[in-house]
Amino acid sequence: MNQLQEIAAQLLKHNYLILTGHAIPDGDCIGSMLGLHCALQNLGKKVEMILEDPVPAIYHYLPHWEDIRPPVISERHGFAAVYLDCSDQCRVSEEVRQVLQNAAVTINIDHHRDNSRFGDYYYVNPEAAATAEIIYELLHIMQIPIGQDVANCLYAGIIMDTGRFMNSNTTSLTMKVASELLQKGASVDLARNNLFESKPLAEVLLLKHALGHLTLSEDGKIAAMWLTLEEVKQAGAMDYHPEGIINYARMIAGVEVGLLFREVGIDQVKVGFRSRGRVDVASLAREFGGGGHRLAAGASFTGSLESVIALVLDRVKDVC
Ligand code: AMP
C-alpha cells in the first residue's frame, strides 16, 4: 500500500506512535520527525522519538529536539512505528530496529528514489524535495492545523535538503509549501541564524582541514577532500556532522563529482558524493552498499582511509 491517505488514517487511528529517522541525522530527518511529533502531540497522542545519534547543535532551536532519545530496549506494545527519511530499515541501528520490531504497524515515509518500500504502509515520493515537504502534505490530508512550531520544523527540513532552495530538487511546489510555512509563522531569521550562522568554531575548523587535503584529478573532473579521525578529534568536532563542507569540492569550475571521505572510527569511513548533474552518484553509492539521490549520495565503508579513497576514486574515474 502506498497512499498518503492510508497513512493519514493509520496515524489518526493509533494513539501511541514512535518516530525515527536515519543514522547521522540531517536537517530533513530531524525537521520531519519534530514537525510530525508536534502535530501528533497536539492531537493528544503519545509520541516518542528515537535516534541512535545525537541531534546536531544547529537544530537545538527547534521545539522538543531534546525529546529525541537514544533507543532503550523495553517492552512496548500497540504502537505505530514511523520511519522518516529512511531509504531502508538498515539505515537505522540494530537497537532502533529492536525497539520498533513489536510495532502494531510499520509506516515508511520518504523521498529517496531507492527506498526499499519496506513497512506495512509506505509512501515514497522522489519528486518531493524533502521528506518535510511530504509531511506538510500529510498534515493537510489529516486536517491538522499547522502552527508556528510545526512550521519552523518543516521549514528547516526543506531549507537543508534543498541547499537553501538552490539544489535541483527544488520545485514550484517546494516554494509553495515554503511560502505557506512562512505564512504559518516559520521564521527565516531563526532558520538562518541557527542553521548557517551559529556553527561551533570546531565545526568550521573541520573545513580548514578538509580544504587542506583538497585534491583534483588530472582532468579536473573529480575533487576529493578528506578528514582523518585524528583531525576531527583534535578540532573537538566528534559530534558534528560536517554539513556543507562537501559543497566546496563540487563548486570548483569543471568538477563533475565532489567527494568527502570522513573517518568516523577505526577503519570506518563515510563517503559523501555530490554530482554537478551528468553523473548519477546514487547508483555509484549503491555499488558500495550506500544510496541517496542522483546528485547527492553517501556510503559507509570498512577499511583504511587510504584504501577507501583509492577504491572510490578508481570507480568514479570510470564514469567521469
Ligand atoms: P550525506 O552525504 O551524508 O549528506 O548524504 C547525502 C544523501 O545520501 C542523503 O540523502 C542521505 O540520506 C544519503 N545517504 C548517505 N549515506 C548513506 C548510506 N550509507 N546509505 C544510503 N543512503 C545514504
# chains A, B, ... in the order shown; residues from 1 in each chain; ligands from 1
>>> residues_near_ligand(ligand="ligand 1", cutoff="10 Å", atoms="only C-alpha atoms and all ligand atoms", output="CSV table (one decimal) with N, CA and C atoms, in the first residue's frame")
chain,number,residue,atom,x,y,z
A,21,GLY,N,14.4,8.2,12.4
A,21,GLY,CA,14.9,8.7,11.2
A,21,GLY,C,16.3,8.0,11.0
A,22,HIS,N,17.0,8.4,9.9
A,22,HIS,CA,18.2,7.7,9.6
A,22,HIS,C,19.4,8.1,10.5
A,23,ALA,N,20.4,7.2,10.5
A,23,ALA,CA,21.6,7.4,11.3
A,23,ALA,C,22.3,8.7,10.8
A,24,ILE,N,23.1,9.3,11.6
A,24,ILE,CA,23.8,10.6,11.3
A,24,ILE,C,22.7,11.6,10.7
A,25,PRO,N,21.8,11.9,11.6
A,25,PRO,CA,20.6,12.7,11.1
A,25,PRO,C,20.9,14.0,10.5
A,26,ASP,N,20.2,14.4,9.4
A,26,ASP,CA,20.4,15.7,8.8
A,26,ASP,C,19.1,16.5,9.1
A,27,GLY,N,19.1,17.7,8.5
A,27,GLY,CA,18.0,18.7,8.8
A,27,GLY,C,16.6,18.1,8.4
A,28,ASP,N,16.6,17.4,7.3
A,28,ASP,CA,15.3,16.9,6.8
A,28,ASP,C,14.8,15.8,7.8
A,29,CYS,N,15.7,15.0,8.2
A,29,CYS,CA,15.3,13.9,9.1
A,29,CYS,C,14.8,14.5,10.4
A,85,ASP,N,12.4,9.6,6.3
A,85,ASP,CA,13.6,9.9,5.5
A,85,ASP,C,14.6,8.8,5.5
A,86,CYS,N,14.1,7.5,5.7
A,86,CYS,CA,14.9,6.4,5.8
A,86,CYS,C,14.7,5.5,4.5
A,87,SER,N,15.8,5.4,3.7
A,87,SER,CA,15.5,4.7,2.4
A,87,SER,C,15.4,3.2,2.7
A,88,ASP,N,15.9,2.7,3.8
A,88,ASP,CA,15.9,1.3,4.1
A,88,ASP,C,15.9,1.1,5.7
A,90,CYS,N,17.7,-0.7,7.2
A,90,CYS,CA,19.1,-0.8,7.6
A,90,CYS,C,19.8,0.5,7.9
A,91,ARG,N,19.1,1.6,7.5
A,91,ARG,CA,19.7,2.9,7.8
A,91,ARG,C,19.5,3.3,9.3
A,110,ASP,N,9.1,8.7,2.8
A,110,ASP,CA,10.5,9.1,2.4
A,110,ASP,C,10.4,9.7,1.0
A,111,HIS,N,11.5,10.3,0.6
A,111,HIS,CA,11.6,10.9,-0.7
A,111,HIS,C,12.8,10.3,-1.5
A,112,HIS,N,13.5,9.3,-1.0
A,112,HIS,CA,14.6,8.7,-1.7
A,112,HIS,C,14.1,7.7,-2.8
A,113,ARG,N,14.5,7.9,-4.0
A,113,ARG,CA,14.1,7.1,-5.1
A,113,ARG,C,14.4,5.6,-4.8
A,114,ASP,N,15.5,5.4,-4.2
A,114,ASP,CA,16.0,4.0,-4.0
A,114,ASP,C,15.4,3.4,-2.7
A,115,ASN,N,14.3,4.0,-2.2
A,115,ASN,CA,13.7,3.4,-0.9
A,115,ASN,C,13.2,2.0,-1.2
A,130,ALA,N,12.0,17.2,-0.1
A,130,ALA,CA,12.4,16.8,1.2
A,130,ALA,C,11.2,15.9,1.8
A,160,MET,N,17.3,22.7,4.4
A,160,MET,CA,18.5,21.9,4.4
A,160,MET,C,18.6,20.9,3.2
A,161,ASP,N,17.5,20.3,2.9
A,161,ASP,CA,17.6,19.3,1.8
A,161,ASP,C,17.6,20.0,0.4
A,241,HIS,N,28.3,16.9,12.4
A,241,HIS,CA,28.1,16.4,11.1
A,241,HIS,C,28.5,17.5,10.1
A,242,PRO,N,29.6,17.3,9.4
A,242,PRO,CA,30.2,18.5,8.6
A,242,PRO,C,29.3,18.8,7.4
A,243,GLU,N,28.1,19.2,7.7
A,243,GLU,CA,27.2,19.6,6.6
A,243,GLU,C,27.7,20.7,5.8
A,244,GLY,N,27.7,20.7,4.5
A,244,GLY,CA,28.1,21.8,3.7
A,244,GLY,C,29.6,21.8,3.2
A,245,ILE,N,30.4,21.1,4.0
A,245,ILE,CA,31.9,21.1,3.6
A,245,ILE,C,32.0,20.5,2.2
A,246,ILE,N,31.3,19.4,1.9
A,246,ILE,CA,31.4,18.7,0.6
A,246,ILE,C,31.1,19.6,-0.5
A,247,ASN,N,30.3,20.6,-0.3
A,247,ASN,CA,29.9,21.5,-1.4
A,247,ASN,C,31.1,22.3,-2.0
A,259,LEU,N,33.8,14.8,-3.7
A,259,LEU,CA,33.8,13.6,-2.7
A,259,LEU,C,34.3,14.1,-1.4
A,260,LEU,N,33.7,13.7,-0.3
A,260,LEU,CA,34.3,13.9,1.0
A,260,LEU,C,34.4,12.6,1.7
A,261,PHE,N,35.6,12.2,2.1
A,261,PHE,CA,35.9,11.0,2.8
A,261,PHE,C,36.1,11.4,4.3
A,270,LYS,N,33.1,7.2,6.1
A,270,LYS,CA,31.8,7.6,5.5
A,270,LYS,C,32.2,8.4,4.3
A,271,VAL,N,31.6,8.2,3.1
A,271,VAL,CA,31.9,8.9,1.9
A,271,VAL,C,30.7,9.7,1.4
A,272,GLY,N,30.8,10.9,1.2
A,272,GLY,CA,29.8,11.7,0.6
A,272,GLY,C,30.1,11.9,-0.9
A,273,PHE,N,29.1,11.8,-1.7
A,273,PHE,CA,29.2,12.0,-3.2
A,273,PHE,C,28.3,13.2,-3.6
A,274,ARG,N,28.8,14.1,-4.4
A,274,ARG,CA,28.0,15.1,-5.0
A,274,ARG,C,28.3,15.3,-6.4
A,281,VAL,N,25.3,9.9,-8.9
A,281,VAL,CA,26.1,9.4,-7.8
A,281,VAL,C,25.3,8.4,-6.9
A,282,ALA,N,24.0,8.4,-7.0
A,282,ALA,CA,23.2,7.5,-6.2
A,282,ALA,C,23.5,6.0,-6.6
A,285,ALA,N,27.0,5.2,-5.4
A,285,ALA,CA,27.0,4.9,-3.9
A,285,ALA,C,26.4,3.5,-3.7
A,286,ARG,N,25.3,3.2,-4.5
A,286,ARG,CA,24.7,1.9,-4.3
A,286,ARG,C,25.6,0.7,-4.6
A,288,PHE,N,28.4,0.5,-3.7
A,288,PHE,CA,29.2,0.3,-2.5
A,288,PHE,C,28.3,0.1,-1.3
A,289,GLY,N,27.0,-0.3,-1.5
A,289,GLY,CA,26.1,-0.5,-0.4
A,289,GLY,C,25.5,0.7,0.2
A,290,GLY,N,25.7,1.8,-0.4
A,290,GLY,CA,25.1,3.1,0.1
A,290,GLY,C,23.9,3.4,-0.8
A,291,GLY,N,23.6,4.7,-0.8
A,291,GLY,CA,22.4,5.2,-1.6
A,291,GLY,C,22.3,6.7,-1.5
A,292,GLY,N,21.1,7.2,-1.9
A,292,GLY,CA,20.8,8.6,-1.8
A,292,GLY,C,20.1,9.1,-3.0
A,293,HIS,N,20.4,10.3,-3.4
A,293,HIS,CA,19.8,10.9,-4.6
A,293,HIS,C,20.7,10.9,-5.8
A,294,ARG,N,20.2,11.2,-7.0
A,294,ARG,CA,21.0,11.3,-8.2
A,294,ARG,C,22.3,12.2,-8.0
A,295,LEU,N,22.0,13.4,-7.4
A,295,LEU,CA,23.1,14.4,-7.3
A,295,LEU,C,23.7,14.4,-5.9
A,296,ALA,N,23.2,13.7,-4.9
A,296,ALA,CA,23.8,13.8,-3.6
A,296,ALA,C,23.6,12.4,-2.9
A,297,ALA,N,24.7,11.7,-2.6
A,297,ALA,CA,24.5,10.4,-2.1
A,297,ALA,C,25.7,10.1,-1.1
A,298,GLY,N,25.6,8.9,-0.5
A,298,GLY,CA,26.6,8.6,0.5
A,298,GLY,C,26.7,7.1,0.7
A,299,ALA,N,27.8,6.6,1.3
A,299,ALA,CA,28.0,5.2,1.5
A,299,ALA,C,29.0,5.1,2.7
A,300,SER,N,28.9,4.0,3.4
A,300,SER,CA,29.8,3.7,4.5
A,300,SER,C,30.7,2.5,4.2
A,301,PHE,N,32.0,2.6,4.5
A,301,PHE,CA,33.0,1.6,4.2
A,301,PHE,C,33.7,1.1,5.4
>>> residues_around(residues="Gly254 of chain A", least_positions_apart="6", cutoff="12 Å", atoms="only C-alpha atoms", output="list in words")
Leu216, Ser217, Glu218, Asp219, Gly220, Lys221, Ile222, Ala223, Ser275, Arg276, Gly277, Arg278 and Cys320 of chain A
>>> closest_residue(among="A:Ala237, A:Leu181, A:Leu40, A:Val96", to="Gly147 of chain A", atoms="only C-alpha atoms")
A:Leu181
>>> closest_residue(among="A:Val257, A:Val316, A:Leu229, A:Ala235", to="Leu205 of chain A", atoms="only C-alpha atoms")
A:Ala235
>>> select_by_dssp(residues="segment 139-177 of chain A", states="alpha helix (DSSP H)", output="mmCIF file with N, CA, C and O atoms, in the first residue's frame")
data_model
loop_
_atom_site.group_PDB
_atom_site.id
_atom_site.type_symbol
_atom_site.label_atom_id
_atom_site.label_comp_id
_atom_site.auth_asym_id
_atom_site.auth_seq_id
_atom_site.Cartn_x
_atom_site.Cartn_y
_atom_site.Cartn_z
ATOM 1 N N LEU A 139 -0.077 16.358 6.762
ATOM 2 C CA LEU A 139 -0.821 17.089 7.795
ATOM 3 C C LEU A 139 -2.051 17.759 7.184
ATOM 4 O O LEU A 139 -3.104 17.864 7.817
ATOM 5 N N HIS A 140 -1.910 18.169 5.926
ATOM 6 C CA HIS A 140 -3.032 18.771 5.214
ATOM 7 C C HIS A 140 -4.144 17.731 5.049
ATOM 8 O O HIS A 140 -5.315 17.999 5.333
ATOM 9 N N ILE A 141 -3.754 16.513 4.628
ATOM 10 C CA ILE A 141 -4.738 15.434 4.460
ATOM 11 C C ILE A 141 -5.394 15.110 5.801
ATOM 12 O O ILE A 141 -6.600 14.865 5.885
ATOM 13 N N GLN A 148 3.061 27.588 14.464
ATOM 14 C CA GLN A 148 4.420 28.093 14.268
ATOM 15 C C GLN A 148 5.490 27.023 14.545
ATOM 16 O O GLN A 148 6.485 26.927 13.827
ATOM 17 N N ASP A 149 5.281 26.219 15.596
ATOM 18 C CA ASP A 149 6.275 25.190 15.947
ATOM 19 C C ASP A 149 6.480 24.209 14.800
ATOM 20 O O ASP A 149 7.603 23.932 14.384
ATOM 21 N N VAL A 150 5.355 23.669 14.323
ATOM 22 C CA VAL A 150 5.439 22.694 13.225
ATOM 23 C C VAL A 150 6.052 23.376 11.992
ATOM 24 O O VAL A 150 6.905 22.806 11.305
ATOM 25 N N ALA A 151 5.640 24.603 11.727
ATOM 26 C CA ALA A 151 6.119 25.327 10.545
ATOM 27 C C ALA A 151 7.644 25.497 10.588
ATOM 28 O O ALA A 151 8.340 25.263 9.589
ATOM 29 N N ASN A 152 8.191 25.854 11.758
ATOM 30 C CA ASN A 152 9.653 26.025 11.854
ATOM 31 C C ASN A 152 10.386 24.716 11.590
ATOM 32 O O ASN A 152 11.438 24.696 10.944
ATOM 33 N N CYS A 153 9.832 23.611 12.092
ATOM 34 C CA CYS A 153 10.481 22.303 11.898
ATOM 35 C C CYS A 153 10.502 21.913 10.421
ATOM 36 O O CYS A 153 11.549 21.521 9.878
ATOM 37 N N LEU A 154 9.350 22.013 9.777
ATOM 38 C CA LEU A 154 9.272 21.580 8.370
ATOM 39 C C LEU A 154 10.078 22.514 7.479
ATOM 40 O O LEU A 154 10.717 22.087 6.509
ATOM 41 N N TYR A 155 10.092 23.798 7.816
ATOM 42 C CA TYR A 155 10.872 24.768 7.036
ATOM 43 C C TYR A 155 12.369 24.415 7.106
ATOM 44 O O TYR A 155 13.070 24.441 6.092
ATOM 45 N N ALA A 156 12.829 24.033 8.305
ATOM 46 C CA ALA A 156 14.253 23.648 8.461
ATOM 47 C C ALA A 156 14.578 22.452 7.575
ATOM 48 O O ALA A 156 15.618 22.417 6.906
ATOM 49 N N GLY A 157 13.670 21.465 7.555
ATOM 50 C CA GLY A 157 13.906 20.276 6.727
ATOM 51 C C GLY A 157 14.031 20.637 5.258
ATOM 52 O O GLY A 157 14.926 20.153 4.547
ATOM 53 N N ILE A 158 13.152 21.508 4.807
ATOM 54 C CA ILE A 158 13.152 21.889 3.381
ATOM 55 C C ILE A 158 14.394 22.712 3.047
ATOM 56 O O ILE A 158 15.067 22.475 2.034
ATOM 57 N N ILE A 159 14.723 23.668 3.909
ATOM 58 C CA ILE A 159 15.910 24.511 3.683
ATOM 59 C C ILE A 159 17.163 23.649 3.527
ATOM 60 O O ILE A 159 17.976 23.843 2.632
ATOM 61 N N MET A 160 17.308 22.668 4.428
ATOM 62 C CA MET A 160 18.546 21.896 4.434
ATOM 63 C C MET A 160 18.620 20.936 3.248
ATOM 64 O O MET A 160 19.678 20.750 2.663
ATOM 65 N N ASP A 161 17.498 20.307 2.886
ATOM 66 C CA ASP A 161 17.572 19.340 1.782
ATOM 67 C C ASP A 161 17.589 20.001 0.406
ATOM 68 O O ASP A 161 17.951 19.363 -0.584
ATOM 69 N N SER A 172 8.420 24.137 -7.963
ATOM 70 C CA SER A 172 7.479 25.207 -7.637
ATOM 71 C C SER A 172 6.631 24.793 -6.426
ATOM 72 O O SER A 172 6.239 25.633 -5.617
ATOM 73 N N LEU A 173 6.392 23.472 -6.283
ATOM 74 C CA LEU A 173 5.626 23.017 -5.109
ATOM 75 C C LEU A 173 6.426 23.268 -3.826
ATOM 76 O O LEU A 173 5.878 23.685 -2.803
ATOM 77 N N THR A 174 7.753 23.018 -3.915
ATOM 78 C CA THR A 174 8.609 23.272 -2.739
ATOM 79 C C THR A 174 8.465 24.723 -2.300
ATOM 80 O O THR A 174 8.305 25.021 -1.110
ATOM 81 N N MET A 175 8.530 25.622 -3.291
ATOM 82 C CA MET A 175 8.424 27.055 -2.987
ATOM 83 C C MET A 175 7.045 27.382 -2.404
ATOM 84 O O MET A 175 6.931 28.207 -1.504
ATOM 85 N N LYS A 176 6.023 26.719 -2.943
ATOM 86 C CA LYS A 176 4.660 26.982 -2.461
ATOM 87 C C LYS A 176 4.532 26.519 -1.005
ATOM 88 O O LYS A 176 3.992 27.248 -0.159
ATOM 89 N N VAL A 177 5.056 25.309 -0.725
ATOM 90 C CA VAL A 177 4.978 24.791 0.647
ATOM 91 C C VAL A 177 5.763 25.721 1.584
ATOM 92 O O VAL A 177 5.293 26.090 2.661
#
>>> closest_residue(among="A:Val232, A:Val264, A:Val47, A:Val319", to="Ser304 of chain A", atoms="only C-alpha atoms")
A:Val264
>>> select_by_dssp(residues="segment 104-190 of chain A", states="strand (DSSP E or B)", output="number ranges by chain")
A: 105-110, 121-124
>>> closest_residue(among="A:Ala249, A:Asn102, A:Ala129, A:Tyr240", to="His213 of chain A", atoms="only C-alpha atoms")
A:Ala249
>>> closest_residue(among="A:His60, A:Lys208, A:Arg262, A:Arg164", to="Leu227 of chain A", atoms="only C-alpha atoms")
A:Arg262
>>> closest_residue(among="A:Gln5, A:Tyr83, A:Ile68, A:Leu34", to="Ile109 of chain A", atoms="only C-alpha atoms")
A:Tyr83
